[in-house]
file structure_1.tsv (TSV, C-alpha atoms and all ligand atoms)
chain	number	residue	atom	x	y	z
A	1	MET	CA	-14.88	14.44	19.65
A	2	GLU	CA	-14.78	10.80	20.68
A	3	PRO	CA	-12.18	9.15	18.42
A	4	THR	CA	-14.02	5.92	17.76
A	5	ARG	CA	-13.28	3.28	15.15
A	6	ASP	CA	-16.65	4.01	13.49
A	7	ARG	CA	-15.79	7.67	13.22
A	8	ALA	CA	-12.34	6.86	11.77
A	9	TRP	CA	-13.88	4.50	9.21
A	10	GLU	CA	-16.31	7.24	8.21
A	11	THR	CA	-13.45	9.73	7.75
A	12	LEU	CA	-11.32	7.18	5.89
A	13	THR	CA	-14.03	6.19	3.42
A	14	ARG	CA	-14.90	9.82	2.75
A	15	TYR	CA	-11.37	10.44	1.44
A	16	THR	CA	-10.43	6.98	0.17
A	17	LYS	CA	-12.28	5.07	-2.54
A	18	SER	CA	-9.56	2.69	-3.78
A	19	GLU	CA	-10.18	-0.89	-2.69
A	20	SER	CA	-6.49	-1.63	-2.31
A	21	LEU	CA	-5.95	1.39	-0.06
A	22	LEU	CA	-8.96	0.42	2.07
A	23	ARG	CA	-7.59	-3.10	2.35
A	24	HIS	CA	-4.21	-1.70	3.36
A	25	ALA	CA	-5.89	0.36	6.08
A	26	LEU	CA	-7.78	-2.71	7.36
A	27	ALA	CA	-4.64	-4.85	7.37
A	28	VAL	CA	-2.59	-2.27	9.28
A	29	GLU	CA	-5.48	-1.78	11.67
A	30	ALA	CA	-5.75	-5.51	12.39
A	31	SER	CA	-2.01	-5.80	13.10
A	32	THR	CA	-1.84	-2.65	15.22
A	33	ARG	CA	-4.92	-3.69	17.18
A	34	PHE	CA	-3.44	-7.15	17.72
A	35	TYR	CA	-0.54	-5.48	19.53
A	36	ALA	CA	-2.84	-3.17	21.48
A	37	GLN	CA	-4.61	-6.22	22.83
A	38	LYS	CA	-1.37	-8.07	23.51
A	39	LEU	CA	0.11	-5.08	25.33
A	40	GLY	CA	-3.06	-4.10	27.17
A	41	GLU	CA	-3.31	-0.74	25.39
A	42	ASP	CA	-6.30	1.22	24.08
A	43	GLU	CA	-7.55	-0.91	21.16
A	44	GLU	CA	-10.04	1.65	19.93
A	45	LEU	CA	-7.52	4.50	19.81
A	46	TRP	CA	-4.85	2.34	18.17
A	47	SER	CA	-7.43	1.27	15.55
A	48	VAL	CA	-8.23	4.91	14.81
A	49	ALA	CA	-4.57	5.83	14.23
A	50	ALA	CA	-3.96	2.77	12.05
A	51	LEU	CA	-7.11	3.20	9.94
A	52	LEU	CA	-6.29	6.84	9.27
A	53	HIS	CA	-2.51	6.64	8.76
A	54	ASP	CA	-2.84	6.80	4.95
A	55	PHE	CA	-6.29	8.43	4.81
A	56	ASP	CA	-4.97	11.27	2.60
A	57	TYR	CA	-2.90	9.11	0.27
A	58	GLU	CA	-5.47	9.17	-2.53
A	59	MET	CA	-5.40	12.98	-2.69
A	60	HIS	CA	-1.74	13.30	-1.61
A	61	PRO	CA	0.09	10.39	-3.27
A	62	THR	CA	3.51	12.03	-3.05
A	63	LEU	CA	5.84	12.48	-0.11
A	64	ASP	CA	5.90	16.26	-0.42
A	65	LYS	CA	2.25	16.11	0.73
A	66	HIS	CA	1.61	12.74	2.43
A	67	PRO	CA	0.98	12.57	5.32
A	68	GLN	CA	1.80	16.13	6.40
A	69	ASP	CA	-0.96	17.85	4.40
A	70	GLY	CA	-3.50	15.41	5.80
A	71	ALA	CA	-2.77	16.42	9.39
A	72	PRO	CA	-4.65	19.77	9.33
A	73	ILE	CA	-7.72	17.99	7.97
A	74	LEU	CA	-7.69	15.51	10.86
A	75	ARG	CA	-7.14	18.36	13.30
A	76	GLU	CA	-10.16	20.15	11.88
A	77	GLU	CA	-12.22	16.95	12.22
A	78	GLY	CA	-11.31	16.96	15.90
A	79	TYR	CA	-8.99	13.97	16.19
A	80	PRO	CA	-6.71	14.12	19.23
A	81	GLU	CA	-3.13	15.28	18.81
A	82	GLU	CA	-1.88	11.83	19.86
A	83	VAL	CA	-3.51	10.31	16.78
A	84	ILE	CA	-2.19	13.04	14.47
A	85	GLU	CA	1.36	12.87	15.83
A	86	THR	CA	1.34	9.10	15.49
A	87	ILE	CA	0.22	9.33	11.87
A	88	LEU	CA	2.91	11.90	11.07
A	89	SER	CA	5.58	9.72	12.65
A	90	HIS	CA	4.97	6.76	10.30
A	91	ALA	CA	6.59	8.78	7.50
A	92	GLU	CA	10.35	8.26	7.44
A	93	HIS	CA	10.95	11.44	5.44
A	94	LEU	CA	9.55	13.61	8.25
A	95	ASN	CA	12.18	12.29	10.68
A	96	LEU	CA	9.92	12.52	13.71
A	97	PRO	CA	10.68	10.60	16.89
A	98	ARG	CA	8.74	7.41	17.42
A	99	ASP	CA	8.68	7.84	21.18
A	100	THR	CA	5.49	5.99	22.12
A	101	LEU	CA	4.48	2.33	21.87
A	102	LEU	CA	1.70	3.27	19.47
A	103	LYS	CA	4.11	5.08	17.14
A	104	LYS	CA	6.55	2.16	17.19
A	105	THR	CA	3.76	-0.33	16.59
A	106	LEU	CA	2.17	1.55	13.70
A	107	PHE	CA	5.53	1.91	11.98
A	108	ALA	CA	6.36	-1.76	12.55
A	109	CYS	CA	2.98	-2.90	11.20
A	110	ASP	CA	2.67	-0.62	8.17
A	111	GLU	CA	5.05	-2.18	5.64
A	112	LEU	CA	4.96	-5.70	7.06
A	113	SER	CA	1.14	-5.93	6.93
A	114	GLY	CA	1.29	-5.02	3.25
A	115	PHE	CA	4.00	-7.56	2.65
A	116	VAL	CA	2.30	-10.43	4.48
A	117	HIS	CA	-0.92	-9.56	2.65
A	118	ALA	CA	0.98	-9.83	-0.66
A	119	CYS	CA	2.42	-13.21	0.39
A	120	GLY	CA	-1.09	-14.45	1.13
A	121	LEU	CA	-2.45	-13.30	-2.21
A	122	VAL	CA	-0.14	-15.61	-4.19
A	123	ARG	CA	-0.89	-18.72	-2.10
A	124	PRO	CA	-3.85	-21.05	-2.81
A	125	THR	CA	-4.51	-21.25	0.96
A	126	GLY	CA	-3.89	-17.56	1.59
A	127	LEU	CA	-2.34	-16.98	5.01
A	128	ASP	CA	-3.20	-20.46	6.28
A	129	GLY	CA	0.02	-22.42	6.72
A	130	LEU	CA	2.21	-19.41	5.89
A	131	GLU	CA	5.43	-19.56	7.91
A	132	PRO	CA	7.76	-16.71	8.88
A	133	ARG	CA	10.56	-18.57	7.09
A	134	SER	CA	8.89	-18.22	3.70
A	135	VAL	CA	7.96	-14.58	4.37
A	136	LYS	CA	11.62	-13.84	5.15
A	137	LYS	CA	12.70	-15.62	1.98
A	138	LYS	CA	10.36	-13.45	-0.07
A	139	LEU	CA	11.68	-10.33	1.68
A	140	LYS	CA	15.03	-11.15	0.09
A	141	GLN	CA	13.51	-11.24	-3.42
A	142	PRO	CA	13.48	-7.57	-4.48
A	143	SER	CA	11.04	-8.20	-7.35
A	144	PHE	CA	8.33	-9.61	-5.04
A	145	ALA	CA	6.00	-6.85	-3.74
A	146	ALA	CA	8.66	-4.41	-4.90
A	147	GLY	CA	6.81	-1.42	-3.42
A	148	VAL	CA	7.40	-2.61	0.14
A	149	HIS	CA	10.41	-0.95	1.74
A	150	ARG	CA	12.46	-3.80	3.20
A	151	ASP	CA	14.59	-1.49	5.32
A	152	GLU	CA	11.43	-0.22	7.04
A	153	VAL	CA	10.28	-3.79	7.74
A	154	TYR	CA	13.57	-4.56	9.51
A	155	ALA	CA	13.78	-1.18	11.26
A	156	GLY	CA	10.18	-1.50	12.44
A	157	ALA	CA	10.75	-4.81	14.23
A	158	ASP	CA	13.97	-3.44	15.64
A	159	GLU	CA	12.38	-0.29	17.07
A	160	LEU	CA	9.55	-2.33	18.54
A	161	GLY	CA	12.14	-4.60	20.11
A	162	ILE	CA	10.73	-7.83	18.72
A	163	GLU	CA	12.30	-10.67	16.77
A	164	LEU	CA	11.31	-10.52	13.12
A	165	ASP	CA	10.03	-14.12	13.20
A	166	GLU	CA	7.69	-13.38	16.07
A	167	HIS	CA	6.55	-10.13	14.48
A	168	ILE	CA	5.74	-11.91	11.22
A	169	ARG	CA	3.87	-14.63	13.12
A	170	ASN	CA	1.83	-11.96	14.94
A	171	VAL	CA	0.94	-10.12	11.75
A	172	ILE	CA	-0.14	-13.36	10.06
A	173	ALA	CA	-2.33	-14.18	13.08
A	174	ALA	CA	-3.77	-10.66	13.06
A	175	LEU	CA	-4.72	-10.79	9.37
A	176	GLN	CA	-6.20	-14.30	9.33
A	177	PRO	CA	-9.56	-13.31	10.87
A	178	ILE	CA	-10.10	-10.67	8.16
A	179	ALA	CA	-8.82	-12.77	5.24
A	180	ARG	CA	-12.12	-12.39	3.36
A	181	GLU	CA	-12.12	-8.59	3.62
A	182	LEU	CA	-8.55	-8.60	2.35
A	183	GLY	CA	-9.54	-10.65	-0.72
A	184	LEU	CA	-7.56	-13.68	0.45
A	185	ARG	CA	-8.34	-17.35	-0.03
A	186	THR	CA	-8.21	-19.70	2.95
A	187	ALA	CA	-7.44	-23.38	3.51
A	188	ALA	CA	-11.19	-24.04	3.28
A	189	ASP	CA	-11.19	-22.84	-0.37
A	190	ALA	CA	-8.33	-25.14	-1.32
A	191	ALA	CA	-9.94	-28.22	0.27
A	201	FE	FE	1.93	6.35	4.50
A	202	FE	FE	0.64	2.59	4.99
call {"tool": "encode", "arguments": {"input": "structure_1.tsv", "output": "structure tokens"}}
result
Amino acid sequence: MEPTRDRAWETLTRYTKSESLLRHALAVEASTRFYAQKLGEDEELWSVAALLHDFDYEMHPTLDKHPQDGAPILREEGYPEEVIETILSHAEHLNLPRDTLLKKTLFACDELSGFVHACGLVRPTGLDGLEPRSVKKKLKQPSFAAGVHRDEVYAGADELGIELDEHIRNVIAALQPIARELGLRTAADAA
């Protein structure tokens, strides 16, 4: 099977109906793909892994099932082992090595994309004009987007070997082109 983005979207939307989960998948995809492009890697394959990383979350919302019980389904659908291994490695509780650039990138983009998205949702101009400084300040407020694991945000940038400021800037830039799909306002709305 050719692991295309279209095919991954079809699989994702068959198992996931929640708008917020679909938006999460799109945000993580945009960030992961941004890095694929920057690093000269396979954008299509990186998109597939990112889109599908939480594909089973709606049916397996607990860590005793997600993402490990989703893996056999993806295997049956014919996704390559590289995609499946990458998806498994985003879960801290499985303690799998993140020994490829794709694994490091997916892990680094997962929590931070959600967090930057949340920052954009509370601003009248969305992501436009959002600076890493204010994202970092919000990271230190435990009550803001409380579901985002701060330790994973810091560990992700660390494992990827990138300064947090630069990583935040990249994720903001990656999400800006899909602001509408993410339900975000833009500077044009505030004008
Ligand atoms: Fe997950
Ligand atoms: Fe996720």
call {"tool": "residues_around", "arguments": {"input": "structure_1.tsv", "residues": "A:Leu112", "least_positions_apart": "6", "cutoff": "9 Å", "atoms": "all atoms listed in the file", "output": "list in words"}}
result
Val28, Val148, His149, Arg150, Glu152, Val153, Gly156, His167, Ile168 and Val171 of chain A
call {"tool": "write_last_selection", "arguments": {"input": "structure_1.tsv", "atoms": "C-alpha atoms", "output": "mmCIF file, keeping the file's coordinate frame"}}
result
data_model
loop_
_atom_site.group_PDB
_atom_site.id
_atom_site.type_symbol
_atom_site.label_atom_id
_atom_site.label_comp_id
_atom_site.auth_asym_id
_atom_site.auth_seq_id
_atom_site.Cartn_x
_atom_site.Cartn_y
_atom_site.Cartn_z
ATOM 1 C CA VAL A 28 -2.590 -2.270 9.280
ATOM 2 C CA VAL A 148 7.400 -2.610 0.140
ATOM 3 C CA HIS A 149 10.410 -0.950 1.740
ATOM 4 C CA ARG A 150 12.460 -3.800 3.200
ATOM 5 C CA GLU A 152 11.430 -0.220 7.040
ATOM 6 C CA VAL A 153 10.280 -3.790 7.740
ATOM 7 C CA GLY A 156 10.180 -1.500 12.440
ATOM 8 C CA HIS A 167 6.550 -10.130 14.480
ATOM 9 C CA ILE A 168 5.740 -11.910 11.220
ATOM 10 C CA VAL A 171 0.940 -10.120 11.750
#
call {"tool": "residues_near_ligand", "arguments": {"input": "structure_1.tsv", "ligand": "ligand FE 202 (chain A)", "cutoff": "8 Å", "atoms": "only C-alpha atoms and all ligand atoms", "output": "count of residues only"}}
result
8
call {"tool": "closest_residue", "arguments": {"input": "structure_1.tsv", "among": "A:Leu74, A:Ala8, A:Val122, A:Ala50", "to": "A:Leu184", "atoms": "all atoms listed in the file"}}
result
A:Val122
call {"tool": "residues_around", "arguments": {"input": "structure_1.tsv", "residues": "A:Glu181", "least_positions_apart": "3", "cutoff": "9 Å", "atoms": "all atoms listed in the file", "output": "number ranges by chain"}}
result
A: 23, 26, 178, 184
call {"tool": "write_last_selection", "arguments": {"input": "structure_1.tsv", "atoms": "C-alpha atoms", "output": "tab-separated table (two decimals), keeping the file's coordinate frame"}}
result
chain	number	residue	atom	x	y	z
A	23	ARG	CA	-7.59	-3.10	2.35
A	26	LEU	CA	-7.78	-2.71	7.36
A	178	ILE	CA	-10.10	-10.67	8.16
A	184	LEU	CA	-7.56	-13.68	0.45
call {"tool": "residues_near_ligand", "arguments": {"input": "structure_1.tsv", "ligand": "ligand FE 201 (chain A)", "cutoff": "10 Å", "atoms": "all atoms listed in the file", "output": "list in words"}}
result
Ala25, Leu52, His53, Asp54, Phe55, Asp56, Tyr57, His60, Pro61, Thr62, Leu63, His66, Pro67, Gln68, Ile87, Leu88, Ser89, His90, Ala91, Glu92, Phe107, Asp110 and Glu111 of chain A
call {"tool": "atom_distance", "arguments": {"input": "structure_1.tsv", "atom1": "atom CA of A:Tyr35", "atom2": "atom CA of A:Lys136"}}
result
20.6 Å
call {"tool": "residues_around", "arguments": {"input": "structure_1.tsv", "residues": "A:Pro80", "least_positions_apart": "6", "cutoff": "10 Å", "atoms": "all atoms listed in the file", "output": "list in words"}}
result
Met1, Glu2, Pro3, Leu45, Ala49 and Leu74 of chain A
call {"tool": "closest_residue", "arguments": {"input": "structure_1.tsv", "among": "A:Arg185, A:Thr11, A:Lys140, A:Ala146", "to": "A:Gly78", "atoms": "only C-alpha atoms"}}
result
A:Thr11
call {"tool": "residues_around", "arguments": {"input": "structure_1.tsv", "residues": "A:Leu139", "least_positions_apart": "4", "cutoff": "9 Å", "atoms": "all atoms listed in the file", "output": "list in words"}}
result
Phe115, Ser134, Val135, Phe144, Ala145, Val148 and Arg150 of chain A
call {"tool": "closest_residue", "arguments": {"input": "structure_1.tsv", "among": "A:Val48, A:Glu58, A:Ala173, A:Ala108", "to": "A:Asp158", "atoms": "all atoms listed in the file"}}
result
A:Ala108
call {"tool": "atom_distance", "arguments": {"input": "structure_1.tsv", "atom1": "atom CA of A:Gly70", "atom2": "atom CA of A:Ala174"}}
result
27.1 Å
call {"tool": "residues_around", "arguments": {"input": "structure_1.tsv", "residues": "A:Asp189", "least_positions_apart": "2", "cutoff": "8 Å", "atoms": "all atoms listed in the file", "output": "list in words"}}
result
Pro124, Thr125, Arg185, Thr186, Ala187 and Ala191 of chain A
call {"tool": "atom_distance", "arguments": {"input": "structure_1.tsv", "atom1": "atom CA of A:Ser31", "atom2": "atom CA of A:Ala179"}}
result
12.5 Å
call {"tool": "closest_residue", "arguments": {"input": "structure_1.tsv", "among": "A:Asp64, A:Asp128, A:Asp42, A:Glu77", "to": "A:His93", "atoms": "only C-alpha atoms"}}
result
A:Asp64
call {"tool": "decode", "arguments": {"input": "structure_1.tsv", "residues": "stretch 76-159 of chain A", "atoms": "C-alpha atoms", "output": "PDB file, in the first residue's frame"}}
result
ATOM      1  CA  GLU A  76      -3.829  -4.600   8.911  1.00  0.00           C
ATOM      2  CA  GLU A  77      -4.515  -1.514   6.775  1.00  0.00           C
ATOM      3  CA  GLY A  78      -1.047  -1.963   5.311  1.00  0.00           C
ATOM      4  CA  TYR A  79       0.840   1.014   6.718  1.00  0.00           C
ATOM      5  CA  PRO A  80       4.610   0.530   6.740  1.00  0.00           C
ATOM      6  CA  GLU A  81       6.333  -0.495   9.950  1.00  0.00           C
ATOM      7  CA  GLU A  82       8.228   2.812  10.012  1.00  0.00           C
ATOM      8  CA  VAL A  83       4.933   4.682  10.414  1.00  0.00           C
ATOM      9  CA  ILE A  84       3.661   2.284  13.087  1.00  0.00           C
ATOM     10  CA  GLU A  85       6.891   2.350  15.095  1.00  0.00           C
ATOM     11  CA  THR A  86       6.936   6.136  14.940  1.00  0.00           C
ATOM     12  CA  ILE A  87       3.372   6.330  16.218  1.00  0.00           C
ATOM     13  CA  LEU A  88       4.129   3.938  19.076  1.00  0.00           C
ATOM     14  CA  SER A  89       7.188   5.955  20.069  1.00  0.00           C
ATOM     15  CA  HIS A  90       5.213   9.168  20.717  1.00  0.00           C
ATOM     16  CA  ALA A  91       3.790   7.546  23.855  1.00  0.00           C
ATOM     17  CA  GLU A  92       6.055   8.148  26.846  1.00  0.00           C
ATOM     18  CA  HIS A  93       4.547   5.246  28.802  1.00  0.00           C
ATOM     19  CA  LEU A  94       5.747   2.720  26.208  1.00  0.00           C
ATOM     20  CA  ASN A  95       9.371   3.778  26.742  1.00  0.00           C
ATOM     21  CA  LEU A  96      10.394   3.128  23.155  1.00  0.00           C
ATOM     22  CA  PRO A  97      13.546   4.644  21.694  1.00  0.00           C
ATOM     23  CA  ARG A  98      13.074   7.709  19.538  1.00  0.00           C
ATOM     24  CA  ASP A  99      15.983   6.818  17.295  1.00  0.00           C
ATOM     25  CA  THR A 100      14.972   8.473  14.013  1.00  0.00           C
ATOM     26  CA  LEU A 101      14.487  12.111  13.025  1.00  0.00           C
ATOM     27  CA  LEU A 102      10.828  11.426  12.320  1.00  0.00           C
ATOM     28  CA  LYS A 103      10.268   9.965  15.806  1.00  0.00           C
ATOM     29  CA  LYS A 104      12.033  12.902  17.457  1.00  0.00           C
ATOM     30  CA  THR A 105      10.104  15.398  15.360  1.00  0.00           C
ATOM     31  CA  LEU A 106       6.683  13.860  15.980  1.00  0.00           C
ATOM     32  CA  PHE A 107       7.313  13.780  19.726  1.00  0.00           C
ATOM     33  CA  ALA A 108       8.586  17.366  19.715  1.00  0.00           C
ATOM     34  CA  CYS A 109       5.582  18.601  17.715  1.00  0.00           C
ATOM     35  CA  ASP A 110       2.783  16.715  19.480  1.00  0.00           C
ATOM     36  CA  GLU A 111       2.353  18.621  22.749  1.00  0.00           C
ATOM     37  CA  LEU A 112       3.736  21.937  21.507  1.00  0.00           C
ATOM     38  CA  SER A 113       1.354  22.108  18.520  1.00  0.00           C
ATOM     39  CA  GLY A 114      -1.555  21.661  20.916  1.00  0.00           C
ATOM     40  CA  PHE A 115      -0.175  24.311  23.205  1.00  0.00           C
ATOM     41  CA  VAL A 116       0.507  26.899  20.496  1.00  0.00           C
ATOM     42  CA  HIS A 117      -2.969  26.198  19.102  1.00  0.00           C
ATOM     43  CA  ALA A 118      -4.421  26.917  22.559  1.00  0.00           C
ATOM     44  CA  CYS A 119      -2.429  30.165  22.780  1.00  0.00           C
ATOM     45  CA  GLY A 120      -3.840  31.238  19.422  1.00  0.00           C
ATOM     46  CA  LEU A 121      -7.417  30.489  20.434  1.00  0.00           C
ATOM     47  CA  VAL A 122      -7.388  33.072  23.249  1.00  0.00           C
ATOM     48  CA  ARG A 123      -5.903  35.882  21.124  1.00  0.00           C
ATOM     49  CA  PRO A 124      -8.046  38.221  18.973  1.00  0.00           C
ATOM     50  CA  THR A 125      -5.444  37.939  16.183  1.00  0.00           C
ATOM     51  CA  GLY A 126      -4.889  34.215  16.631  1.00  0.00           C
ATOM     52  CA  LEU A 127      -1.292  33.242  15.882  1.00  0.00           C
ATOM     53  CA  ASP A 128      -0.495  36.519  14.130  1.00  0.00           C
ATOM     54  CA  GLY A 129       1.965  38.470  16.262  1.00  0.00           C
ATOM     55  CA  LEU A 130       2.356  35.630  18.769  1.00  0.00           C
ATOM     56  CA  GLU A 131       5.917  35.583  20.123  1.00  0.00           C
ATOM     57  CA  PRO A 132       7.836  32.680  21.667  1.00  0.00           C
ATOM     58  CA  ARG A 133       8.264  34.806  24.795  1.00  0.00           C
ATOM     59  CA  SER A 134       4.540  34.848  25.520  1.00  0.00           C
ATOM     60  CA  VAL A 135       4.189  31.136  24.707  1.00  0.00           C
ATOM     61  CA  LYS A 136       6.948  30.375  27.227  1.00  0.00           C
ATOM     62  CA  LYS A 137       5.245  32.560  29.818  1.00  0.00           C
ATOM     63  CA  LYS A 138       2.016  30.615  29.370  1.00  0.00           C
ATOM     64  CA  LEU A 139       3.924  27.328  29.662  1.00  0.00           C
ATOM     65  CA  LYS A 140       4.753  28.405  33.199  1.00  0.00           C
ATOM     66  CA  GLN A 141       1.063  28.900  34.077  1.00  0.00           C
ATOM     67  CA  PRO A 142      -0.124  25.399  35.015  1.00  0.00           C
ATOM     68  CA  SER A 143      -3.809  26.333  34.725  1.00  0.00           C
ATOM     69  CA  PHE A 144      -3.491  27.389  31.058  1.00  0.00           C
ATOM     70  CA  ALA A 145      -4.109  24.444  28.673  1.00  0.00           C
ATOM     71  CA  ALA A 146      -3.638  22.219  31.702  1.00  0.00           C
ATOM     72  CA  GLY A 147      -3.840  19.034  29.618  1.00  0.00           C
ATOM     73  CA  VAL A 148      -0.553  19.784  27.859  1.00  0.00           C
ATOM     74  CA  HIS A 149       2.381  17.989  29.458  1.00  0.00           C
ATOM     75  CA  ARG A 150       5.024  20.679  29.961  1.00  0.00           C
ATOM     76  CA  ASP A 151       7.787  18.161  30.614  1.00  0.00           C
ATOM     77  CA  GLU A 152       7.136  16.623  27.176  1.00  0.00           C
ATOM     78  CA  VAL A 153       7.310  20.056  25.521  1.00  0.00           C
ATOM     79  CA  TYR A 154      10.760  20.667  27.023  1.00  0.00           C
ATOM     80  CA  ALA A 155      11.982  17.100  26.457  1.00  0.00           C
ATOM     81  CA  GLY A 156      10.782  17.198  22.848  1.00  0.00           C
ATOM     82  CA  ALA A 157      12.828  20.271  21.936  1.00  0.00           C
ATOM     83  CA  ASP A 158      15.774  18.798  23.792  1.00  0.00           C
ATOM     84  CA  GLU A 159      15.674  15.461  21.959  1.00  0.00           C
TER      85      GLU A 159
END
